[in-house]
Every structure is written in C-alpha cells, then in structure tokens.
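One structure is given below, encoded as structure tokens.
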Amino acid sequence: MPTFKTVSIAPSEQNPRIARLLLNRPERFNAISEDMPGDIRAAVDWANANDDIHVIVVEGAGKGFCGGYDLVDYAESTTDHPCQQESHPWDPMVDYRHMKRFTEDFMSLWRSPKPTIAKVHGAAVAGGSDIALCCDLLVMAEDARIGYMPTRVWGCPTTAMWTFRLGPARAKQMMFTGNILDGRTAAAWGLANSAVPLAELEAHTMELAERIAGVPTSHLAMHKMVVNQVMLTMGLEQTQSLATLFDGITRHNPEGLWFRRYAQEAGFKAAVEWRDSGRPIPEGDEARALIQEIEARLDRK
C-alpha cells in the first residue's frame with residue numbers, strides 16, 4: 001500500500017472493490033496541512049490506477065471528518081506566507097498560485113473517473129467542507145456538521161461547490177451567514193444524499209459503496225463524465241478561479257488584516273469566537289483604525 005504523511009488508502013477488507021481513503025491527522029481534527037491536499041490527490045491517483053477498485057470512500061480519523069485548514073500558526077504568526085503576506089503591496093498571484101494548487105488537489109476527487117463518497121461524522125467545516133463537497137456523494141451522520149464559517153471574514157470557499165450542490169438561493173444563505181448545517185438539514189436541503197444516526201453511518205455508507213462497486217468501471221466513468229460536463233458547462237472552472245482569487249483578497253483587505261491582527265493579539269480562538277458569534281465584523285476605516293491600534297500595542301510588547 002502507498003504511504004503518505006497525512007492520509008492513508010487501502011482496499012476495504014469487506015470488499016476489495018472499495019478503497020478507503022482516510023484523512024489521518026486526528027490529533028489536529030484532520031486539519032488541512034500543507035501536505036494534505038497533495039496527499040489526497042496522490043491517493044486518488046493510486047486508486048484510479050488500481051483496476052480492482054471501483055469506488056472510493058473518503059472519511060476522517062478520530063472525532064470528525066475535517067476541521068478545515070490548520071490556520072492557528074498562520075493567523076497568530078507574523079511570518080510571511082503566500083496566503084498571508086505581511087509585505088506591502090501583497091502579490092495576489094503568489095496567493096492565487098498557492099491556493100489554486102490546493103483547489104486542484106481537492107478536485108481530484110471530483111475528476112476521478114471512479115466515484116467518490118464522503119462519509120462525514122463530527123464536522124466537515126471550512127476547508128473540510130471543500131473536501132467533502134468535491135466528492136460525488138455525501139453521506140452524513142445526523143448530528144454531523146458542515147459549513148464554511150470563514151465566509152464571515154478571512155475566507156471564500158475556493159472550490160465554489162456550494163452553488164453547484166445547493167443552488168443559488170441556499171448557497172447565498174450559507175455564504176452570507178457563515179452558518180453550519182447538521183446532517184438532517186443537509187439531507188433535507190439535498191446537499192447530503194442521506195443522513196443516518198452515527199451508529200448506522202458505517203453500514204449505510206458501505207451499503208451504498210457496495211451497490212456502486214458492482215457496476216463496471218467504464219459505466220461509472222461515463223455516467224460521472226456526463227454529470228460533470230453539465231457542471232463544467234455551467235462555468236465551474238471559471239467560478240473556481242474567481243473564488244480562489246477572492247479568497248486571497250479576503251485575507252489581505254482591511255477586514256482580513258484586522259482579523260489576523262486580532263488573532264495575533266488575542267489568539268486565534270478568540271478571533272474565531274468573534275467571527276462566529278454574529279458580532280459585526282469591523283470593516284473599512286474602522287478596521288484600519290483597529291489595525292493601527294493593535295499594531296501599536298504589539299510593538300510595545
């Protein structure tokens with residue numbers, strides 16, 4: 001079996017036609033590190049090169065599916081990073097190039113000729129929802145959670161899958177609020193294919209995977225290509241380019257810089273609590289003034 005830093009993949013002991021792709025950073029709630037997107041892509045490539053495998057189940061180790069990007073260090077640090085540049089003026093194409101690579105890595109799940117199923121327990125939030133929604137099918141525990149809270153400040157979902165999976169009105173609701181959905185609501189809205197009690201999630205997912213695994217790989221690839229072509233014709237690739245560019249802007253505009261300065265002073269947890277509480281996010285001149293105040297206090301330390 002191939003080995004990776006952040007994920008593992010192997011044929012299921014229950015049915016060798018099913019590959020189990022495990023996000024495997026449970027000590028960090030399977031948070032997305034620099035290595036994870038590329039590891040996911042390499043694992044998908046391995047499964048696609050294995051003629052015996054017909055379907056890929058993607059799941060998370062430990063308490064949940066994926067808690068999003070591992071951002072604590074980025075938010076609290078003053079070190080330059082392609083996705084959070086302290087130098088001025090910031091270079092948007094450096095940011096875009098870095099995040100576009102991650103987006104393309106996640107999209108390997110969507111482009112894979114073999115169907116992919118996200119099996120979500122706990123939470124698939126922020127960047128973790130990108131991974132889940134790049135899969136063809138989504139099965140959730142009833143009490144699992146999915147959403148993209150950083151749309152309130154400091155983020156834009158680069159895969160842009162919410163609109164294509166939910167439709168414009170409900171996608172706007174999710175993007176405007178940064179709210180999360182439980183599995184029951186996700187299924188009722190049509191985002192998830194099904195939601196079941198946590199104790200039944202494994203059996204339910206494998207029942208679905210086994211049903212798919214009985215279909216010839218050529219048929220699966222053709223059917224997936226037909227549906228994917230509809231999404232491409234609707235402008236998926238162009239939308240992702242715009243979303244990835246906007247993601248960089250959200251981290252470097254006055255609101256995004258305020259969020260980072262607040263995280264540097266009060267800690268990332270406090271910044272996230274403000275973001276998710278519903279309190280107004282400082283913007284424009286107010287944000288610029290607060291940035292200067294925080295920078296002055298940080299310089300005095």
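Residues in the structure tokens are numbered from 1 in each chain, the chains being A, B, ... in the order shown, and ligands are numbered from 1 in the order shown.
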
For A:Leu232, please output as a tab-separated table (two decimals) with C-alpha atoms, in the first residue's frame all residues within 12 Å (counting only C-alpha atoms; exclusion window: fewer than 5 positions along the same chain).
chain	number	residue	atom	x	y	z
A	110	TRP	CA	-14.38	15.25	-8.48
A	111	ARG	CA	-12.35	14.44	-11.59
A	161	MET	CA	-19.10	23.83	-4.77
A	164	PHE	CA	-23.42	23.73	-7.69
A	225	MET	CA	-18.42	12.36	-17.07
A	226	VAL	CA	-21.93	13.24	-18.27
A	227	VAL	CA	-22.92	14.85	-14.97
A	237	GLU	CA	-13.83	26.11	-13.59
A	238	GLN	CA	-14.28	29.83	-14.18
A	239	THR	CA	-16.18	30.18	-10.90
A	240	GLN	CA	-13.40	28.41	-9.01

With a cut-off of 12 Å, could you pull out the residues of stretch 116-188 of chain A touching stretch 257-267 of chain A and give me the nearest pair of atoms for each, distance in Å to one decimal, using only C-alpha atoms, ordered by chain and ascending number, as CSV?
residue,atom,partner,partner_atom,distance
A:Pro150,CA,A:Phe259,CA,10.7
A:Arg152,CA,A:Phe259,CA,10.6
A:Val153,CA,A:Phe259,CA,7.4
A:Trp154,CA,A:Phe259,CA,7.1
A:Gly155,CA,A:Phe259,CA,10.8

Could you write out the selected residues, including all heavy atoms, as a PDB file, in the first residue's frame?
ATOM      1  N   PRO A 150     -15.710  30.786   7.658  1.00  0.00           N
ATOM      2  CA  PRO A 150     -14.855  31.923   7.278  1.00  0.00           C
ATOM      3  C   PRO A 150     -15.431  32.831   6.203  1.00  0.00           C
ATOM      4  O   PRO A 150     -14.802  33.849   5.878  1.00  0.00           O
ATOM      5  CB  PRO A 150     -13.561  31.244   6.795  1.00  0.00           C
ATOM      6  CG  PRO A 150     -13.548  29.929   7.481  1.00  0.00           C
ATOM      7  CD  PRO A 150     -14.979  29.514   7.534  1.00  0.00           C
ATOM      8  N   ARG A 152     -17.654  34.738   6.793  1.00  0.00           N
ATOM      9  CA  ARG A 152     -17.935  35.956   7.566  1.00  0.00           C
ATOM     10  C   ARG A 152     -16.744  36.909   7.542  1.00  0.00           C
ATOM     11  O   ARG A 152     -16.917  38.129   7.580  1.00  0.00           O
ATOM     12  CB  ARG A 152     -18.303  35.605   9.013  1.00  0.00           C
ATOM     13  CG  ARG A 152     -19.576  34.774   9.140  1.00  0.00           C
ATOM     14  CD  ARG A 152     -19.971  34.587  10.596  1.00  0.00           C
ATOM     15  NE  ARG A 152     -20.303  35.839  11.242  1.00  0.00           N
ATOM     16  CZ  ARG A 152     -21.472  36.462  11.137  1.00  0.00           C
ATOM     17  NH1 ARG A 152     -22.441  35.942  10.407  1.00  0.00           N
ATOM     18  NH2 ARG A 152     -21.690  37.616  11.761  1.00  0.00           N
ATOM     19  N   VAL A 153     -15.557  36.353   7.500  1.00  0.00           N
ATOM     20  CA  VAL A 153     -14.331  37.140   7.368  1.00  0.00           C
ATOM     21  C   VAL A 153     -13.169  36.172   7.172  1.00  0.00           C
ATOM     22  O   VAL A 153     -13.144  35.098   7.750  1.00  0.00           O
ATOM     23  CB  VAL A 153     -14.075  38.046   8.598  1.00  0.00           C
ATOM     24  CG1 VAL A 153     -13.751  37.230   9.844  1.00  0.00           C
ATOM     25  CG2 VAL A 153     -12.969  39.071   8.335  1.00  0.00           C
ATOM     26  N   TRP A 154     -12.228  36.542   6.305  1.00  0.00           N
ATOM     27  CA  TRP A 154     -10.965  35.816   6.140  1.00  0.00           C
ATOM     28  C   TRP A 154     -11.104  34.537   5.324  1.00  0.00           C
ATOM     29  O   TRP A 154     -10.320  33.624   5.473  1.00  0.00           O
ATOM     30  CB  TRP A 154     -10.339  35.514   7.512  1.00  0.00           C
ATOM     31  CG  TRP A 154      -8.839  35.629   7.574  1.00  0.00           C
ATOM     32  CD1 TRP A 154      -8.086  36.680   7.165  1.00  0.00           C
ATOM     33  CD2 TRP A 154      -7.903  34.671   8.105  1.00  0.00           C
ATOM     34  NE1 TRP A 154      -6.748  36.449   7.419  1.00  0.00           N
ATOM     35  CE2 TRP A 154      -6.614  35.209   8.001  1.00  0.00           C
ATOM     36  CE3 TRP A 154      -8.037  33.416   8.675  1.00  0.00           C
ATOM     37  CZ2 TRP A 154      -5.473  34.556   8.434  1.00  0.00           C
ATOM     38  CZ3 TRP A 154      -6.909  32.746   9.114  1.00  0.00           C
ATOM     39  CH2 TRP A 154      -5.633  33.312   8.989  1.00  0.00           C
ATOM     40  N   GLY A 155     -12.082  34.467   4.413  1.00  0.00           N
ATOM     41  CA  GLY A 155     -12.138  33.262   3.607  1.00  0.00           C
ATOM     42  C   GLY A 155     -13.247  33.265   2.566  1.00  0.00           C
ATOM     43  O   GLY A 155     -14.294  33.897   2.734  1.00  0.00           O
TER      44      GLY A 155
END

Running DSSP on the backbone, which parts of stretch 39-151 of chain A land in alpha helix (DSSP H), as a VMD selection string?
-> chain A and resid 39 to 49 72 to 76 92 to 106 108 to 111 127 to 134

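Using only C-alpha atoms for every distance, the candidate list A:Met107, A:Leu22, A:Pro115, A:Ser33 yields A:Pro115 as the residue closest to A:Ala213.
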
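Picture a line from atom CA of A:Asp70 to atom CA of A:Gly127; it runs 9.3 Å.
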
Residue list (strand (DSSP E or B), DSSP) for stretch 141-276 of chain A, as a list in words = Ala141, Arg145, Ile146, Gly147, Ile180, Leu181, Asp182, Ser194, Ala195 and Val196 of chain A

Fewer than 4 positions away in the same chain doesn't count, so skip those; otherwise give me all residues within 7 Å of A:Arg288, counting only C-alpha atoms, as a ChimeraX atom specification.
-> /A:254,284,292

Within 10 Å of stretch 179-185 of chain A, counting only C-alpha atoms, which residues show up once you throw out same-chain ones fewer than 5 positions away? Write them as a ChimeraX atom specification, please.
-> /A:120-126,138-152,173-174,190-197,276,278

Residue nearest A:Lys114 - candidates A:Ile9, A:Leu236, A:Val57, A:Val72, atoms counted: only C-alpha atoms | A:Val57

A:Ile117 environment, 7 Å, only C-alpha atoms, sequence neighbours closer than 6 positions dropped, as a ChimeraX atom specification | /A:56-58,135-138

Filtering to all heavy atoms, could you give me those residues as a compact mmCIF listing (two decimals), in the first residue's frame?
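The result, stored in out-v2.txt:
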# COMPACT_ATOMS: atom_id res chain seq x y z
N ILE A 56 -14.39 5.00 -4.22
CA ILE A 56 -13.51 5.49 -3.14
C ILE A 56 -14.37 6.12 -2.05
O ILE A 56 -15.16 7.03 -2.33
CB ILE A 56 -12.51 6.53 -3.67
CG1 ILE A 56 -11.71 5.97 -4.85
CG2 ILE A 56 -11.58 7.00 -2.55
CD1 ILE A 56 -10.95 7.04 -5.63
N VAL A 57 -14.21 5.65 -0.81
CA VAL A 57 -14.89 6.24 0.35
C VAL A 57 -13.87 7.11 1.09
O VAL A 57 -12.80 6.64 1.46
CB VAL A 57 -15.45 5.15 1.29
CG1 VAL A 57 -16.01 5.79 2.56
CG2 VAL A 57 -16.53 4.35 0.58
N VAL A 58 -14.21 8.38 1.28
CA VAL A 58 -13.34 9.33 1.97
C VAL A 58 -13.90 9.59 3.36
O VAL A 58 -15.08 9.93 3.51
CB VAL A 58 -13.23 10.66 1.19
CG1 VAL A 58 -12.22 11.59 1.85
CG2 VAL A 58 -12.84 10.39 -0.27
N CYS A 135 -16.38 15.49 -3.38
CA CYS A 135 -16.77 14.10 -3.60
C CYS A 135 -18.11 14.07 -4.33
O CYS A 135 -18.92 15.00 -4.23
CB CYS A 135 -16.88 13.36 -2.27
SG CYS A 135 -15.29 13.13 -1.42
N ASP A 136 -18.36 12.99 -5.04
CA ASP A 136 -19.59 12.88 -5.82
C ASP A 136 -20.82 12.76 -4.93
O ASP A 136 -21.86 13.35 -5.22
CB ASP A 136 -19.51 11.67 -6.75
CG ASP A 136 -18.34 11.75 -7.70
OD1 ASP A 136 -18.22 12.78 -8.39
OD2 ASP A 136 -17.53 10.80 -7.72
N LEU A 137 -20.70 12.00 -3.87
CA LEU A 137 -21.82 11.75 -2.98
C LEU A 137 -21.41 12.10 -1.55
O LEU A 137 -20.24 12.01 -1.19
CB LEU A 137 -22.24 10.28 -3.05
CG LEU A 137 -22.58 9.73 -4.45
CD1 LEU A 137 -22.94 8.25 -4.35
CD2 LEU A 137 -23.69 10.52 -5.11
N LEU A 138 -22.40 12.50 -0.75
CA LEU A 138 -22.15 12.91 0.63
C LEU A 138 -23.12 12.18 1.54
O LEU A 138 -24.34 12.31 1.38
CB LEU A 138 -22.33 14.42 0.76
CG LEU A 138 -22.27 15.03 2.15
CD1 LEU A 138 -20.92 14.80 2.81
CD2 LEU A 138 -22.58 16.54 2.09

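Among the candidates A:Asp35, A:Glu293, A:Glu255, A:Glu207, the one nearest to A:Ile18 when counting only C-alpha atoms is A:Glu207.
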
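Considering the residues A:Thr163, A:Asn30, A:Ser129, A:Thr177 and counting only C-alpha atoms, A:Met234 has its shortest atom-to-atom contact with A:Thr163.
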
Distance criterion (only C-alpha atoms): nearest to A:Ala221 out of A:Thr244, A:Thr233, A:Thr116, A:Thr103 | A:Thr116

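In this structure, atom CA of A:Ala287 sits 22.3 Å away from atom CA of A:Pro82.
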